[in-house]
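Printed here is data.csv (CSV, C-alpha atoms):
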chain,number,residue,atom,x,y,z
A,1,MET,CA,104.4,32.2,-18.2
A,2,ILE,CA,104.9,35.7,-19.8
A,3,PRO,CA,105.3,35.7,-23.7
A,4,ILE,CA,108.8,36.6,-25.1
A,5,LYS,CA,109.3,40.2,-26.0
A,6,VAL,CA,111.6,40.7,-28.9
A,7,ALA,CA,113.2,43.5,-30.9
A,8,GLY,CA,111.9,44.2,-34.3
A,9,SER,CA,110.2,46.9,-36.3
A,10,ALA,CA,109.9,50.3,-34.8
A,11,ILE,CA,107.2,50.4,-32.1
A,12,ARG,CA,104.6,53.1,-32.4
A,13,PRO,CA,101.8,54.3,-30.1
A,14,ALA,CA,98.7,52.2,-30.3
A,15,PRO,CA,95.7,53.5,-32.3
A,16,ARG,CA,93.0,55.3,-30.3
A,17,SER,CA,90.3,52.7,-31.0
A,18,PRO,CA,90.8,48.8,-30.9
A,19,ALA,CA,87.9,48.6,-33.4
A,20,ALA,CA,89.7,51.0,-35.8
A,21,SER,CA,92.9,49.0,-35.3
A,22,ALA,CA,91.0,45.8,-36.3
A,23,LEU,CA,89.7,47.4,-39.5
A,24,GLN,CA,93.3,48.6,-40.3
A,25,TYR,CA,94.8,45.2,-39.8
A,26,LEU,CA,92.2,43.4,-41.9
A,27,GLN,CA,93.3,45.3,-45.0
A,28,PRO,CA,95.5,43.6,-47.6
A,29,GLY,CA,99.1,43.4,-46.7
A,30,ALA,CA,102.5,41.8,-47.3
A,31,LEU,CA,101.8,38.4,-45.9
A,32,ASN,CA,99.4,35.6,-46.9
A,33,LEU,CA,98.3,33.3,-44.1
A,34,ALA,CA,96.2,30.4,-45.3
A,35,ALA,CA,94.6,30.0,-41.8
A,36,LEU,CA,94.9,31.6,-38.5
A,37,PRO,CA,96.8,29.8,-35.7
A,38,PRO,CA,95.3,28.6,-32.4
A,39,LEU,CA,94.5,31.4,-30.0
A,40,SER,CA,95.3,31.5,-26.3
A,41,LEU,CA,94.5,34.0,-23.6
A,42,TYR,CA,97.1,35.3,-21.1
A,43,ILE,CA,95.8,37.2,-18.0
A,44,HIS,CA,98.4,39.1,-15.9
A,45,TYR,CA,97.9,39.6,-12.2
A,46,PRO,CA,100.7,42.1,-11.2
A,47,TRP,CA,101.0,41.9,-7.5
A,48,CYS,CA,103.1,39.6,-5.2
A,49,VAL,CA,103.8,39.5,-1.5
A,50,LYS,CA,107.5,40.3,-2.1
A,51,LYS,CA,109.6,40.9,-5.1
A,52,CYS,CA,112.2,38.1,-5.6
A,53,PRO,CA,115.8,39.3,-6.2
A,54,TYR,CA,116.1,37.4,-9.4
A,55,CYS,CA,112.7,38.3,-10.9
A,56,ASP,CA,112.4,40.7,-13.9
A,57,PHE,CA,108.7,40.0,-14.5
A,58,ASN,CA,106.2,42.9,-14.3
A,59,SER,CA,105.4,42.3,-10.6
A,60,HIS,CA,104.8,44.8,-7.8
A,61,GLU,CA,104.9,44.2,-4.1
A,62,ALA,CA,101.5,44.4,-2.5
A,63,ARG,CA,101.3,47.2,0.0
A,64,GLY,CA,98.1,47.6,1.9
A,65,GLU,CA,94.7,46.5,0.5
A,66,LEU,CA,94.9,45.5,-3.2
A,67,PRO,CA,92.4,47.2,-5.6
A,68,GLU,CA,91.1,43.9,-6.7
A,69,GLU,CA,87.7,45.1,-7.8
A,70,ALA,CA,89.1,48.0,-9.8
A,71,TYR,CA,91.6,45.7,-11.4
A,72,LEU,CA,89.0,43.1,-12.3
A,73,ASP,CA,86.9,45.9,-13.8
A,74,ALA,CA,89.9,46.9,-15.9
A,75,LEU,CA,90.5,43.4,-17.1
A,76,ARG,CA,87.0,43.0,-18.3
A,77,LEU,CA,87.2,46.4,-20.1
A,78,ASP,CA,90.5,45.3,-21.6
A,79,LEU,CA,88.9,42.1,-22.9
A,80,GLU,CA,85.8,43.8,-24.2
A,81,GLN,CA,87.9,46.4,-26.0
A,82,SER,CA,90.1,43.6,-27.6
A,83,LEU,CA,87.2,41.6,-29.0
A,84,PRO,CA,87.3,43.3,-32.5
A,85,LEU,CA,90.8,41.9,-32.9
A,86,ILE,CA,89.8,38.3,-32.3
A,87,TRP,CA,86.1,38.3,-33.2
A,88,GLY,CA,84.7,34.8,-33.7
A,89,ARG,CA,88.0,33.0,-32.7
A,90,LYS,CA,87.9,30.2,-30.1
A,91,ILE,CA,90.2,30.2,-27.0
A,92,TYR,CA,92.0,26.9,-26.6
A,93,THR,CA,94.1,27.7,-23.5
A,94,ILE,CA,94.2,30.3,-20.7
A,95,PHE,CA,97.1,31.1,-18.4
A,96,ILE,CA,96.8,33.4,-15.4
A,97,GLY,CA,100.3,34.5,-14.5
A,98,GLY,CA,102.0,37.2,-12.5
A,99,GLY,CA,103.0,38.3,-10.0
A,100,THR,CA,101.2,35.9,-7.7
A,101,PRO,CA,97.6,35.2,-9.1
A,102,SER,CA,96.9,33.0,-6.1
A,103,LEU,CA,96.7,36.1,-4.0
A,104,MET,CA,93.4,36.8,-5.7
A,105,SER,CA,90.3,36.1,-3.6
A,106,ALA,CA,88.2,33.1,-4.4
A,107,LYS,CA,85.3,35.5,-5.2
A,108,GLY,CA,87.6,37.5,-7.4
A,109,LEU,CA,88.8,34.5,-9.4
A,110,ASP,CA,85.3,33.3,-9.8
A,111,ARG,CA,84.2,36.7,-11.2
A,112,LEU,CA,87.2,36.8,-13.6
A,113,MET,CA,86.4,33.3,-15.0
A,114,SER,CA,82.8,34.2,-15.3
A,115,ASP,CA,83.7,37.4,-17.3
A,116,VAL,CA,86.0,35.3,-19.6
A,117,ARG,CA,83.3,32.7,-20.3
A,118,THR,CA,80.7,35.5,-20.9
A,119,LEU,CA,82.9,37.3,-23.5
A,120,LEU,CA,84.8,34.5,-25.2
A,121,PRO,CA,84.0,31.1,-26.8
A,122,LEU,CA,86.2,28.5,-25.0
A,123,ASP,CA,87.1,25.2,-26.4
A,124,VAL,CA,85.3,22.4,-24.6
A,125,ASP,CA,88.7,20.9,-23.5
A,126,ALA,CA,90.4,24.3,-22.8
A,127,GLU,CA,93.4,24.1,-20.5
A,128,VAL,CA,93.1,26.8,-17.8
A,129,THR,CA,96.3,27.3,-15.8
A,130,MET,CA,96.9,29.5,-12.8
A,131,GLU,CA,100.3,30.3,-11.3
A,132,ALA,CA,100.5,29.8,-7.5
A,133,ASN,CA,103.1,30.6,-4.9
A,134,PRO,CA,103.4,28.0,-2.1
A,135,GLY,CA,103.4,30.8,0.5
A,136,THR,CA,99.8,31.6,-0.5
A,137,PHE,CA,98.3,28.1,-0.4
A,138,GLU,CA,95.0,27.6,1.5
A,139,ALA,CA,93.2,24.3,0.9
A,140,GLU,CA,89.7,25.7,0.8
A,141,LYS,CA,90.7,28.6,-1.5
A,142,PHE,CA,92.2,26.2,-4.0
A,143,LYS,CA,89.1,24.0,-3.9
A,144,SER,CA,87.2,27.2,-4.9
A,145,PHE,CA,89.7,28.0,-7.6
A,146,ARG,CA,89.1,24.5,-9.0
A,147,ALA,CA,85.3,24.9,-8.9
A,148,SER,CA,85.6,28.3,-10.8
A,149,GLY,CA,87.2,26.5,-13.7
A,150,ILE,CA,91.0,26.3,-13.1
A,151,ASN,CA,92.0,22.8,-14.2
A,152,ARG,CA,95.8,23.1,-14.0
A,153,LEU,CA,98.2,24.7,-11.5
A,154,SER,CA,101.8,25.9,-12.0
A,155,ILE,CA,103.4,26.0,-8.6
A,156,GLY,CA,106.6,28.1,-8.1
A,157,ILE,CA,108.4,25.7,-5.8
A,158,GLN,CA,112.0,26.8,-7.0
A,159,SER,CA,113.6,24.5,-4.4
A,160,PHE,CA,112.7,22.1,-1.6
A,161,SER,CA,115.7,23.4,0.4
A,162,GLY,CA,115.1,25.9,3.1
A,163,LYS,CA,118.6,27.3,2.7
A,164,HIS,CA,118.2,27.9,-1.0
A,165,LEU,CA,114.7,29.3,-0.7
A,166,LYS,CA,116.0,31.9,1.7
A,167,ALA,CA,118.9,32.7,-0.7
A,168,LEU,CA,116.3,33.2,-3.5
A,169,GLY,CA,114.2,35.5,-1.3
A,170,ARG,CA,111.1,33.3,-1.5
A,171,ILE,CA,108.3,33.8,1.0
A,172,HIS,CA,107.8,30.1,1.6
A,173,ASP,CA,109.9,27.5,3.4
A,174,ASP,CA,110.6,23.9,2.6
A,175,ASN,CA,107.6,22.6,4.6
A,176,GLU,CA,105.3,25.0,2.8
A,177,ALA,CA,106.7,23.8,-0.5
A,178,ARG,CA,105.8,20.2,0.3
A,179,ARG,CA,102.4,21.1,1.7
A,180,ALA,CA,101.6,23.1,-1.5
A,181,VAL,CA,102.2,20.1,-3.6
A,182,GLU,CA,100.0,17.9,-1.4
A,183,ILE,CA,97.2,20.4,-1.7
A,184,ALA,CA,97.6,20.5,-5.4
A,185,HIS,CA,97.5,16.7,-5.6
A,186,ALA,CA,94.3,16.7,-3.6
A,187,ASN,CA,92.4,19.2,-5.8
A,188,PHE,CA,94.0,19.0,-9.3
A,189,ASP,CA,94.9,16.1,-11.5
A,190,ASN,CA,97.1,18.3,-13.7
A,191,PHE,CA,99.8,20.6,-12.4
A,192,ASN,CA,103.3,21.8,-13.0
A,193,LEU,CA,106.2,22.2,-10.5
A,194,ASP,CA,108.7,25.0,-11.2
A,195,LEU,CA,112.2,24.3,-10.0
A,196,MET,CA,115.4,26.3,-10.4
A,197,TYR,CA,119.0,25.0,-10.4
A,198,ALA,CA,122.5,26.5,-10.4
A,199,LEU,CA,121.4,28.4,-7.3
A,200,PRO,CA,123.8,30.4,-5.1
A,201,THR,CA,126.3,27.9,-3.5
A,202,GLN,CA,124.3,24.9,-4.8
A,203,THR,CA,126.1,21.7,-5.3
A,204,LEU,CA,125.3,18.9,-7.8
A,205,GLU,CA,124.0,16.7,-5.0
A,206,GLU,CA,121.8,19.5,-3.7
A,207,ALA,CA,120.3,20.0,-7.1
A,208,ARG,CA,119.8,16.2,-7.4
A,209,LEU,CA,118.0,16.1,-4.1
A,210,ASP,CA,115.7,18.9,-5.2
A,211,LEU,CA,114.8,17.1,-8.4
A,212,GLU,CA,114.4,13.7,-6.6
A,213,THR,CA,112.1,15.3,-4.1
A,214,ALA,CA,109.9,16.7,-6.9
A,215,LEU,CA,109.8,13.4,-8.7
A,216,LEU,CA,108.5,11.7,-5.5
A,217,PHE,CA,105.3,13.7,-5.9
A,218,ALA,CA,105.0,12.4,-9.6
A,219,PRO,CA,104.0,15.8,-11.0
A,220,PRO,CA,102.5,15.5,-14.5
A,221,HIS,CA,104.8,18.3,-15.6
A,222,LEU,CA,108.2,19.8,-14.5
A,223,SER,CA,109.7,23.1,-15.5
A,224,LEU,CA,113.4,23.3,-14.7
A,225,TYR,CA,115.1,26.7,-15.1
A,226,HIS,CA,118.7,27.7,-14.9
A,227,LEU,CA,119.0,30.7,-12.6
A,228,THR,CA,120.1,33.7,-14.6
A,229,MET,CA,121.1,37.2,-13.6
A,230,GLU,CA,118.5,39.3,-15.4
A,231,PRO,CA,119.1,43.1,-15.9
A,232,ASN,CA,117.4,45.5,-13.5
A,233,THR,CA,117.1,42.9,-10.7
A,234,LEU,CA,118.6,42.9,-7.2
A,235,PHE,CA,120.8,39.9,-8.1
A,236,ALA,CA,122.1,41.8,-11.1
A,237,LYS,CA,123.1,44.7,-8.9
A,238,TYR,CA,124.5,42.4,-6.1
A,239,PRO,CA,125.4,39.1,-7.8
A,240,PRO,CA,125.5,36.1,-5.5
A,241,ALA,CA,128.2,33.3,-5.7
A,242,LEU,CA,126.9,30.9,-8.4
A,243,PRO,CA,128.1,27.5,-9.5
A,244,ASP,CA,130.6,27.8,-12.4
A,245,ASP,CA,129.8,26.7,-16.0
A,246,ASP,CA,131.1,23.2,-15.5
A,247,ALA,CA,129.0,22.6,-12.4
A,248,SER,CA,126.0,24.0,-14.2
A,249,ALA,CA,126.6,21.7,-17.1
A,250,ASP,CA,126.8,18.7,-14.7
A,251,MET,CA,123.5,19.7,-13.3
A,252,GLN,CA,121.9,19.8,-16.7
A,253,ASP,CA,123.3,16.4,-17.5
A,254,MET,CA,121.9,15.0,-14.2
A,255,ILE,CA,118.5,16.5,-14.9
A,256,ALA,CA,118.4,14.9,-18.4
A,257,LEU,CA,119.2,11.5,-17.0
A,258,GLU,CA,117.0,11.6,-13.9
A,259,THR,CA,113.9,12.9,-15.8
A,260,ALA,CA,114.3,10.4,-18.6
A,261,ALA,CA,114.6,7.5,-16.1
A,262,ALA,CA,111.4,8.7,-14.4
A,263,GLY,CA,109.5,8.7,-17.7
A,264,TYR,CA,109.4,12.4,-18.5
A,265,GLY,CA,109.9,13.6,-22.0
A,266,HIS,CA,112.1,16.6,-22.5
A,267,TYR,CA,110.1,18.5,-25.2
A,268,GLU,CA,111.2,22.1,-24.7
A,269,VAL,CA,114.4,23.7,-23.4
A,270,SER,CA,113.1,23.9,-19.8
A,271,ALA,CA,110.0,21.6,-19.9
A,272,TYR,CA,109.6,18.0,-19.0
A,273,ALA,CA,106.3,16.1,-19.1
A,274,GLN,CA,104.7,12.7,-18.5
A,275,PRO,CA,103.1,11.3,-21.6
A,276,GLY,CA,100.1,13.4,-22.7
A,277,ARG,CA,100.8,16.1,-20.1
A,278,ARG,CA,102.7,18.8,-22.1
A,279,ALA,CA,101.6,22.3,-21.3
A,280,LYS,CA,99.2,23.2,-24.2
A,281,HIS,CA,99.5,26.9,-23.5
A,282,ASN,CA,103.2,27.0,-23.6
A,283,VAL,CA,103.4,24.7,-26.7
A,284,ASN,CA,101.2,27.3,-28.5
A,285,TYR,CA,103.8,29.9,-27.7
A,286,TRP,CA,106.7,27.8,-29.0
A,287,GLU,CA,104.8,26.9,-32.2
A,288,PHE,CA,104.3,30.6,-32.9
A,289,GLY,CA,100.6,30.5,-32.2
A,290,ASP,CA,98.5,33.5,-31.2
A,291,TYR,CA,97.8,34.9,-27.8
A,292,LEU,CA,95.8,37.8,-26.5
A,293,GLY,CA,97.4,39.2,-23.3
A,294,ILE,CA,95.3,41.3,-21.0
A,295,GLY,CA,96.3,43.0,-17.8
A,296,ALA,CA,99.1,45.3,-16.7
A,297,GLY,CA,102.2,44.8,-18.9
A,298,ALA,CA,100.7,41.9,-20.9
A,299,HIS,CA,101.9,41.2,-24.4
A,300,SER,CA,99.9,39.9,-27.4
A,301,LYS,CA,100.6,38.3,-30.7
A,302,ILE,CA,97.6,38.3,-33.0
A,303,SER,CA,97.5,37.1,-36.6
A,304,PHE,CA,95.4,38.4,-39.5
A,305,PRO,CA,95.2,37.0,-43.0
A,306,HIS,CA,97.9,39.5,-44.2
A,307,ARG,CA,99.8,40.6,-41.2
A,308,VAL,CA,100.9,39.7,-37.6
A,309,LEU,CA,100.5,42.2,-34.8
A,310,ARG,CA,102.3,42.6,-31.4
A,311,GLN,CA,100.9,44.6,-28.5
A,312,ALA,CA,102.0,45.6,-25.0
A,313,ARG,CA,99.8,47.0,-22.3
A,314,TYR,CA,100.7,49.7,-19.8
A,315,LYS,CA,102.9,48.1,-17.1
A,316,GLN,CA,102.0,50.0,-14.0
A,317,PRO,CA,98.7,48.7,-12.5
A,318,LYS,CA,97.4,52.2,-11.9
A,319,ALA,CA,98.2,53.3,-15.4
A,320,PHE,CA,96.7,50.2,-16.8
A,321,ILE,CA,93.5,50.6,-14.9
A,322,GLU,CA,93.2,54.3,-15.9
A,323,ALA,CA,93.9,53.5,-19.6
A,324,ALA,CA,91.3,50.7,-19.6
A,325,ARG,CA,88.7,53.1,-18.2
A,326,ALA,CA,89.7,55.6,-20.9
A,327,GLY,CA,89.1,53.1,-23.7
A,328,ASN,CA,92.4,51.6,-24.7
A,329,PRO,CA,95.0,50.0,-22.3
A,330,VAL,CA,97.4,49.1,-25.2
A,331,GLN,CA,100.5,51.3,-24.9
A,332,GLU,CA,102.4,50.0,-27.8
A,333,GLU,CA,101.8,48.0,-30.9
A,334,ARG,CA,103.6,47.1,-34.1
A,335,GLU,CA,103.4,44.8,-37.1
A,336,ILE,CA,106.0,42.1,-37.4
A,337,GLY,CA,107.8,43.0,-40.7
A,338,ARG,CA,108.8,40.4,-43.2
A,339,ALA,CA,112.5,41.0,-42.4
A,340,ASP,CA,111.8,40.0,-38.7
A,341,MET,CA,109.3,37.2,-39.2
A,342,GLY,CA,111.9,34.4,-39.7
A,343,PHE,CA,113.8,35.4,-36.6
A,344,GLU,CA,110.6,35.7,-34.4
A,345,PHE,CA,109.4,32.3,-35.6
A,346,MET,CA,112.7,30.5,-35.1
A,347,LEU,CA,113.2,32.2,-31.7
A,348,ASN,CA,110.2,30.3,-30.5
A,349,THR,CA,110.2,27.0,-32.4
A,350,LEU,CA,113.9,26.2,-31.9
A,351,ARG,CA,113.1,25.8,-28.2
A,352,LEU,CA,111.2,22.6,-29.1
A,353,THR,CA,113.6,19.7,-28.8
A,354,GLU,CA,111.7,17.7,-31.4
A,355,GLY,CA,111.6,20.6,-33.8
A,356,PHE,CA,108.8,21.5,-36.2
A,357,SER,CA,107.5,20.7,-39.7
A,358,PRO,CA,108.8,23.0,-42.5
A,359,ASN,CA,105.1,23.5,-43.4
A,360,LEU,CA,104.5,25.2,-40.0
A,361,PHE,CA,106.8,28.0,-41.1
A,362,GLY,CA,104.5,28.9,-44.0
A,363,GLU,CA,101.3,28.4,-42.0
A,364,ARG,CA,102.4,30.8,-39.2
A,365,THR,CA,104.4,33.4,-41.1
A,366,GLY,CA,102.7,33.6,-44.4
A,367,MET,CA,106.0,33.2,-46.1
A,368,GLY,CA,107.9,30.4,-47.9
A,369,ILE,CA,110.6,28.4,-46.1
A,370,ASN,CA,113.0,29.7,-48.7
A,371,ALA,CA,112.9,33.0,-46.9
A,372,ILE,CA,115.4,31.5,-44.3
A,373,GLU,CA,117.0,28.9,-46.6
A,374,GLN,CA,120.4,30.5,-46.5
A,375,THR,CA,120.6,30.6,-42.8
A,376,LEU,CA,119.2,27.1,-42.4
A,377,ASN,CA,122.0,25.9,-44.7
A,378,ALA,CA,124.6,27.8,-42.5
A,379,ALA,CA,123.2,26.3,-39.3
A,380,GLU,CA,123.1,22.8,-40.8
A,381,ALA,CA,126.8,23.2,-41.9
A,382,LYS,CA,127.7,24.1,-38.3
A,383,GLY,CA,126.0,21.0,-37.0
A,384,LEU,CA,123.4,23.1,-35.1
A,385,ILE,CA,120.3,21.8,-36.8
A,386,TYR,CA,119.1,18.6,-38.4
A,387,ARG,CA,116.5,18.9,-41.2
A,388,ASP,CA,114.8,16.8,-43.9
A,389,HIS,CA,111.5,17.2,-45.7
A,390,LYS,CA,109.5,16.4,-42.6
A,391,ILE,CA,111.3,18.1,-39.7
A,392,ILE,CA,113.7,20.9,-38.7
A,393,ARG,CA,115.1,20.5,-35.2
A,394,PRO,CA,118.1,21.6,-33.2
A,395,THR,CA,120.8,19.0,-32.7
A,396,GLU,CA,122.2,18.3,-29.2
A,397,LEU,CA,124.9,20.8,-30.1
A,398,GLY,CA,122.3,23.3,-31.2
A,399,GLN,CA,120.4,22.9,-27.9
A,400,ARG,CA,123.6,23.6,-25.9
A,401,PHE,CA,124.3,26.8,-28.0
A,402,LEU,CA,120.6,27.8,-28.5
A,403,ASN,CA,121.2,31.5,-28.2
A,404,ASP,CA,123.8,31.5,-30.8
A,405,LEU,CA,121.6,29.4,-33.1
A,406,GLN,CA,118.6,31.7,-32.7
A,407,GLU,CA,120.7,34.8,-33.3
A,408,MET,CA,121.8,33.4,-36.7
A,409,PHE,CA,118.2,34.1,-37.9
A,410,LEU,CA,118.3,37.7,-36.8
A,411,GLY,CA,117.8,39.6,-40.1
A,412,ALA,CA,117.7,36.4,-42.1
Take the structure in the file and give it back as structure tokens.
Amino acid sequence: MIPIKVAGSAIRPAPRSPAASALQYLQPGALNLAALPPLSLYIHYPWCVKKCPYCDFNSHEARGELPEEAYLDALRLDLEQSLPLIWGRKIYTIFIGGGTPSLMSAKGLDRLMSDVRTLLPLDVDAEVTMEANPGTFEAEKFKSFRASGINRLSIGIQSFSGKHLKALGRIHDDNEARRAVEIAHANFDNFNLDLMYALPTQTLEEARLDLETALLFAPPHLSLYHLTMEPNTLFAKYPPALPDDDASADMQDMIALETAAAGYGHYEVSAYAQPGRRAKHNVNYWEFGDYLGIGAGAHSKISFPHRVLRQARYKQPKAFIEAARAGNPVQEEREIGRADMGFEFMLNTLRLTEGFSPNLFGERTGMGINAIEQTLNAAEAKGLIYRDHKIIRPTELGQRFLNDLQEMFLGA
């Protein structure tokens, strides 16, 4: 999963040296964080076999032999150059996303994990997730991935229907989807299945069959995404026939009932988990934790005692590799200003169905909750949030109109 990119303060070119950047950001500033949040690592692998028509992630179709060694060299350089920003901090979760990271060779993944362990202190119980496409599943390769330190998979099934997989432009068919889950079960005790709904021409019963098929495999975690038409995608240019709003709402209601009946807790807008199986990496995002993102197009959010920093790497793999060799692959960085902090915090935490403690706002933003008090009052008056001295959470109405609720905090 790639971190959310949001509008905010003016973006400026990154400083020449990460070490100089670290010295700059350690200076006194406008915020006062009592403690730094948990830190995660995101690693981006930018290539895939074929670009899906709905995908707006930084992914590039693999043409010819991939420059795996050169890219792994650049990832190590990126990580080494980033160390001054996170010196002494432990990594609690790792997520290798893309693109299609499962295209990586077993040898390449082993080298990557070895580099990470060499350069960073990992928590003893660190969750290490890798995204995988069912069209790239090979049993022996995934055994090697497990041996290299991957302890959780996130499998992009999207649908168990051959018809809908074809409409989505996926490279796998329904048989490969089932086989991928079987291989995951054989090698991993923790994995996630990604499914999409409101697909072109999809009916409620077809969506139900997809979900019921997934539940037969008893995955520890399910991610269920509503298909959206993202800008600059093939679907945005040539929109397919999609279910209407009423049909989509019926699918959402069905998902809520079926997952609850199967014992899955709905803890985030699109995330459902068996007890004790929430995605630790994603929860860190939603709780406004920190993450260092390395690789082409990766984003970072890094806190210091008196400021919070956002970064973005060069998106094109070739440009990223060249910039890493030159000493700094960060193309853009900015501080989150006080005026934007409340919005950025609420943009993430309002996705959590159970909400958050008011104390978390102060811990992660370095500001008092009174900074957004007026907007909280307005949201509460509209019935979009519930709050007391222990919790702030979106109501059922707030969850249904989440975008509107989040936008209320823009400029709050």
Inset, instruction - Rank nothing, just name the residue among A:Arg170, A:Leu31, A:Lys318, A:Cys48 nearest to Gly337 in chain A, using all atoms listed in the file. - result: A:Leu31
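For the set A:Leu397, A:Val116, A:Met130, A:Ala339, the residue with the smallest atom-to-atom gap to Pro101 in chain A is A:Met130, counting all atoms listed in the file.
With all atoms listed in the file as the atoms that count, the minimum distance from Tyr45 in chain A to the choices A:Gly99, A:Gly398, A:Gly411, A:Gly162 is reached by A:Gly99.
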Inset, instruction - Please provide the set of residues having any atom within 12 Å of range 59-66 of chain A, restricted to all atoms listed in the file, with same-chain residues fewer than 2 positions apart removed, written as a VMD selection string. - result: chain A and resid 2 44 to 57 68 to 72 97 to 101 103 to 105 108 233 295 to 298 315 to 318
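When the distance limit is 7 Å and only C-alpha atoms are what count, the residues near range 360-364 of chain A, minus those fewer than 6 positions from it on the same chain, are Leu33, Ala34, Ala35, Pro37 and Phe288 of chain A.
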Inset, instruction - Using all atoms listed in the file, determine which residues lie at most 10 Å from range 246-254 of chain A, disregarding the query and same-chain residues fewer than 5 positions distant; provide the list as a list of chain:residue names. - result: A:Tyr197, A:Ala198, A:Leu199, A:Gln202, A:Thr203, A:Leu204, A:Glu205, A:Glu206, A:Ala207, A:Arg208, A:Leu211, A:Leu224, A:Tyr225, A:His226, A:Leu227, A:Thr259, A:Ala260, A:Arg400
Please write the residues from the selection above to a file, keeping C-alpha atoms, as a tab-separated table (two decimals), in the frame of the given file.
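So the final result, stored in result-v6.tsv, reads:
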chain	number	residue	atom	x	y	z
A	197	TYR	CA	119.00	25.00	-10.40
A	198	ALA	CA	122.50	26.50	-10.40
A	199	LEU	CA	121.40	28.40	-7.30
A	202	GLN	CA	124.30	24.90	-4.80
A	203	THR	CA	126.10	21.70	-5.30
A	204	LEU	CA	125.30	18.90	-7.80
A	205	GLU	CA	124.00	16.70	-5.00
A	206	GLU	CA	121.80	19.50	-3.70
A	207	ALA	CA	120.30	20.00	-7.10
A	208	ARG	CA	119.80	16.20	-7.40
A	211	LEU	CA	114.80	17.10	-8.40
A	224	LEU	CA	113.40	23.30	-14.70
A	225	TYR	CA	115.10	26.70	-15.10
A	226	HIS	CA	118.70	27.70	-14.90
A	227	LEU	CA	119.00	30.70	-12.60
A	259	THR	CA	113.90	12.90	-15.80
A	260	ALA	CA	114.30	10.40	-18.60
A	400	ARG	CA	123.60	23.60	-25.90
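Going from CA of Gly276 in chain A over to CA of Thr93 in chain A, you cover 15.5 Å.
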Legend entry - Nearby residues (only C-alpha atoms) at most 9 Å from Glu138 in chain A, same-chain spacing under 4 positions excluded, as a ChimeraX atom specification: /A:142-143,180,183
Selection export as a PDB file, in the coordinates of the input, atoms kept: C-alpha atoms:
ATOM      1  CA  PHE A 142      92.200  26.200  -4.000  1.00  0.00           C
ATOM      2  CA  LYS A 143      89.100  24.000  -3.900  1.00  0.00           C
ATOM      3  CA  ALA A 180     101.600  23.100  -1.500  1.00  0.00           C
ATOM      4  CA  ILE A 183      97.200  20.400  -1.700  1.00  0.00           C
TER       5      ILE A 183
END
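In this comparison, which uses all atoms listed in the file, the residue of A:Ala262, A:Ala19, A:Met196, A:Ala236 approaching Leu216 in chain A most closely is A:Ala262.
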Inset, instruction - Select, from A:Leu309, A:Ile157, A:Val283, A:Ala147, the residue with the minimum atom-to-atom distance to Glu354 in chain A, counting all atoms listed in the file. - result: A:Val283
